[in-house]
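Participant: First the structure, then my questions, so here it is.
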Amino acid sequence: MNERVDAAATIVGPADVELEAGGRLALYLAVGLGAGAVIALQIDIMRVFAVGNWTHFGSLVVSLAMLGFGLTSAVMAIATNWFSRHWLAIASVALGLMGPLAVGANLYIQRLGFNPIYLVSDPTQKWKLAEIFLASLTPFLGGAVFLGCVFLKSNKTFGRVYFADLAGSGLSGLVFLGAMYVFPPVDLIAAPLTLWAASCLSWCFVPGARRAFAPFVLAAVVAFGGHFVVAPELGLSRLAVNDYKGASYARRLPEAKKVYESWSPFGYLEAYTTSYLHFAPGLSDNAGFNLPEMPANAYLGLYVDSDGPIGVMRHLDDKETAYFRFLPMYYPYVVKKAPEKAFIVQFGGGISTEVALREGAKDVTVAEGNRAILEAFRGKVFRDFTGDILSKVHVIDYEGRHFLAQTKEKFDVIDLSLADSTGLSNPGGFAVVEKFAYTEEAMETYMRALADGGVLAVTIWNKEEPPKSVLKLYTTMAAASRAIDGDKMADSFFVASSYLSTATVLYKRGGFTAGEIAALRKHTHDMSFDEIYSPGFFYDGSQTDRTLSGYVAQFFSNPANGEPSAANGDVDPTAPNDDAAAEPSSGPPGGDDQGVLPSTVMGRLAWHTLVNGGWPDIAQRYVFNTRKLTNDAPYFAAYVKTKDLPKVLFDPDRLEPLQDEWGYLLIWATLGVACAAATLLLAIPVIWGWRSIFAKTPGKALSVVYFACLGAGYIMVEVGLIAHFVMALGNPTVSASILITGMLVFSGLGALISERILPIKRVFMPILFLAIGAILIGYAFRLNDALDAIGSLPYVERLALCFVFIAPPAFLMGFPMPTAMTTLGRLGKEHLFIWAWGVNGCFSVIGAAAAPVLATNFGLGSVIEIAGCAYLLALPAFFGVISEAAPRRAA
């Protein structure tokens with residue numbers, strides 16, 4: 001999966017020469033399958049955390065656990081001679097333990113009851129997180145020792161074993177992708193266990209290792225039996241779902257019944273029904289006073305990876321459909337009665353589609369990039385519940401933004417409403433999740449696809465105080481409109497919200513008329529929603545300073561120094577702005593914002609300055625980051641400004657209110673821990689054996705630079721391209737599987753050929769590094785455009801083109817590691833050889849943690865660009881790696 005793990009498959013030397021063809025094949029198969037088991041175990045851990053807790057905690061655990069390769073290299077660098085003498089026995093024991101350790105670690109982790117919601121308030125949760133890390137470390141240590149021993153004994157023909165490592169790791173991505181169709185998340189560990197067992201079997205055909213067959217069989221019985229037989233019999237949890245995830249709430253509701261379940265790379269889907277499930281997204285409070293009867297049992301709760309619910313509305317009869325008027329999805333139909341053509345950008349649970357059909361849209365087209373959701377709605381349970389809603393519309397089975405970018409059709413209504421479960425971020429939630437449907441480029445696509453007078457309606461959850469995601473949406477849509485309409489954008493928007501519920505932005509091609517504005521204001525008043533912006537809306541600027549300073553004080557004041565604070569009562573941004581009651585106001589034109597909630601004031605301030613100028617200054621003064629979303633930075637995340645990170649990370653009182661940012665903050669924490677741990681692991685061999693190992697070895701400093709650049713650069717390309725490819729493939733799991741497979745297989749081919757260029761390495765490698773740097777920097781600037789362009793092609797064609805994009809840089813990136821490692825082996829630098837492997841692994845961990853930090857702060861392009869610069873920096877360092885000791889002068 002990365003240079004860290006791939007380095008784990010890098011040791012074949014004199015022993016390789018002595019083996020016959022059958023023995024060499026067995027060795028290569030064992031290495032490839034073992035490395036594949038390591039990669040598959042990484043993905044399995046992240047999937048288990050995605051379903052049971054939250055994905056970013058799985059990423060944290062995997063990243064730190066992979067430091068096991070650094071720990072292994074540190075120990076092996078000190079005791080190289082001992083490992084070299086006993087490599088076969090040590091490798092056999094380490095490989096045999098890997099499977100049972102993986103199962104035991106998972107069972108131990110599931111019984112801990114780790115709950116990240118209490119990570120700040122409950123000190124025991126920090127210890128549980130540490131236990132999870134240490135438990136997860138154990139199987140990776142087994143894999144690292146096995147691969148390290150093989151690499152050490154094969155250091156003179158490293159490229160061949162490295163090819164086996166990379167190819168095996170890459171193909172395991174496809175194996176795991178297939179396994180996700182076969183096994184539910186609780187049993188996905190079967191994929192790495194199967195690869196591990198196959199590796200053990202292959203290892204038995206290596207001369208001298210056949211005596212390990214019986215212990216391997218026993219280990220396989222313990223591993224498979226422990227997970228599939230013993231754990232269920234003893235009632236041990238194999239995948240514990242956090243009590244605060246949506247599916248856990250659903251299971252605890254009275255009369256709750258699971259009516260649907262499916263699993264695939266597109267997610268683990270569950271649907272629950274109960275009369276106690278009331279999912280009315282953004283429903284006006286006035287519905288209860290104006291409707292004689294609310295629809296009973298109107299929703300199924302659909303959960304993806306235990307998150308949700310996504311509300312699935314049943315087919316309502318004519319008497320019940322008056323209910324739709326009180327939902328925010330009704331807004332576009334206030335001014336567009338019975339539109340000719342409507343387009344739903346993300347089908348989700350189908351609520352917007354139901355509203356469009358009820359309001360008389362004659363032709364409705366829906367798009368849904370998650371094929372598992374479409375498959376669910378075509379099944380009997382959902383088909384009967386919704387009245388076979390998909391049969392009433394045209395269905396596009398890929399992302400709506402790509403369809404609208406390619407079609408010549410024009411639509412009267414385009415709707416993007418509440419397609420993201422219960423929010424764009426939730427407690428403990430989504431640290432770095434690409435939301436390409438909400439970027440500036442996507443909004444421009446939607447706006448240009450409108451017919452004259454057509455309306456774009458975007459509704460998102462507005463559950464944050466202070467507001468965060470809604471301000472990013474406002475900034476993004478305003479930027480898109482300005483690019484299309486220029487100064488006329490002021491007449492093109494109407495915005496409304498309800499406190500701690502939803503916010504809706506309407507954009508009309510050509511601008512709203514006075515009559516339409518009056519109708520929208522009346523509807524907003526009738527629903528008791530807050531009017532945030534409309535053409536000619538008056539904003540009371542007297543509240544600006546108080547609102548902005550109040551929010552800053554709420555999070556970053558220091559009462560000990562006499563600064564104002566919400567805690568000491570001096571400033572409270574959640575309180576009314578005067579002595580009047582703090583009730584939401586529709587804010588009629590010409591009024592003021594006295595008595596209006598600060599979040600409403602902030603929304604009005606944002607639109608006032610976005611339209612009339614001055615927003616950059618307001619954004620700089622605001623407590624959180626409100627940058628627009630783009631294809632290069634498609635994140636509803638990273639709200640905490642970088643300059644405020646020290647205040648937040650080291651002060652629990654400030655960290656507690658930022659639960660929806662813990663995922664992002666954990667990335668910074670992971671980066672810090674990885675840097676500290678890597679420094680320690682790399683220093684151990686130097687301190688322990690400086691005189692005996694490194695004192696007379698030339699090229700030490702440049703070797704560190706070289707392998708650090710390769711480790712960080714390779715993994716940053718991998719992580720960065722996975723995020724990029726989500727735009728075209730629409731699913732991060734599929735994107736990761738395709739990217740991992742393509743990167744490692746093509747890099748493996750480069751590694752296999754690398755041995756042939758050793759005689760001309762001094763000439764060939766500089767050209768190679770320049771080529772890698774040029775390609776990656778070119779990708780940083782142009783890849784987004786290419787991926788956006790292919791997004792509407794058939795899925796198989798998109799997959800094929802993604803492989804085409806991967807191939808050139810991946811193939812070239814397969815040369816530097818084996819060329820340098822083989823050279824170290826042939827120069828007799830065995831200690832530096834194994835230490836260099838550790839340097840590569842440790843900086844892979846650092847690069848993996850740094851990539852999302854860079855992406856959220858500077859854009860996805862910066863990740864690829866910096867990776868390209870890392871390969872360029874490796875160019876001069878390469879000559880230090882291949883430097884030889886000066887010959888001694890004769891006496």
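Note on naming: chains are A, B, ... as they come in the structure tokens, residues start from 1 per chain, ligands start from 1 in the order shown.
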Compile a residue-level contact table for stretch 47-73 of chain A against stretch 264-288 of chain A at a cut-off of 12 Å, reporting for every qualifying residue the shortest atom pair and its distance in Å to one decimal, with only C-alpha atoms counted, rows ordered by chain and ascending number, as CSV.

Facilitator:
residue,atom,partner,partner_atom,distance
A:Arg47,CA,A:Gly267,CA,9.4
A:Val48,CA,A:Tyr268,CA,10.7
A:Ala50,CA,A:Gly267,CA,9.6
A:Val51,CA,A:Tyr268,CA,7.7
A:Gly52,CA,A:Tyr268,CA,11.1

Participant: For stretch 140-184 of chain A against stretch 195-198 of chain A, with a cut-off of 12 Å and counting only C-alpha atoms, what is the closest atom pair and its distance in Å to one decimal for every residue that makes the cut, ordered by chain and number, as a Markdown table?

Facilitator:
| residue | atom | partner | partner_atom | distance |
| --- | --- | --- | --- | --- |
| A:Phe140 | CA | A:Trp196 | CA | 12.0 |
| A:Gly142 | CA | A:Trp196 | CA | 11.1 |
| A:Gly143 | CA | A:Trp196 | CA | 9.5 |
| A:Phe146 | CA | A:Trp196 | CA | 11.7 |
| A:Gly168 | CA | A:Leu195 | CA | 9.6 |
| A:Ser169 | CA | A:Leu195 | CA | 10.3 |
| A:Leu171 | CA | A:Leu195 | CA | 10.8 |
| A:Ser172 | CA | A:Leu195 | CA | 8.1 |
| A:Gly173 | CA | A:Leu195 | CA | 11.4 |
| A:Val175 | CA | A:Leu195 | CA | 9.0 |
| A:Phe176 | CA | A:Leu195 | CA | 9.9 |
| A:Ala179 | CA | A:Leu195 | CA | 11.6 |

Participant: Which is closest to A:Val596 among A:Leu610, A:Val230, A:Val623, A:Ile532, if we use only C-alpha atoms?

Facilitator: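 Residue with the minimum atom-to-atom distance to A:Val596: A:Ile532.
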
Participant: Restricting the calculation to only C-alpha atoms: of A:Leu671, A:Leu629, A:Val366, A:Ile760, which residue gets closest to A:Phe411?

Facilitator: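 Closest to A:Phe411, using only C-alpha atoms: A:Val366.
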
Participant: Mind giving me the straight-line distance from atom CA of A:Val763 to atom CA of A:Gly838 in Å, one decimal?

Facilitator: 27.1 Å
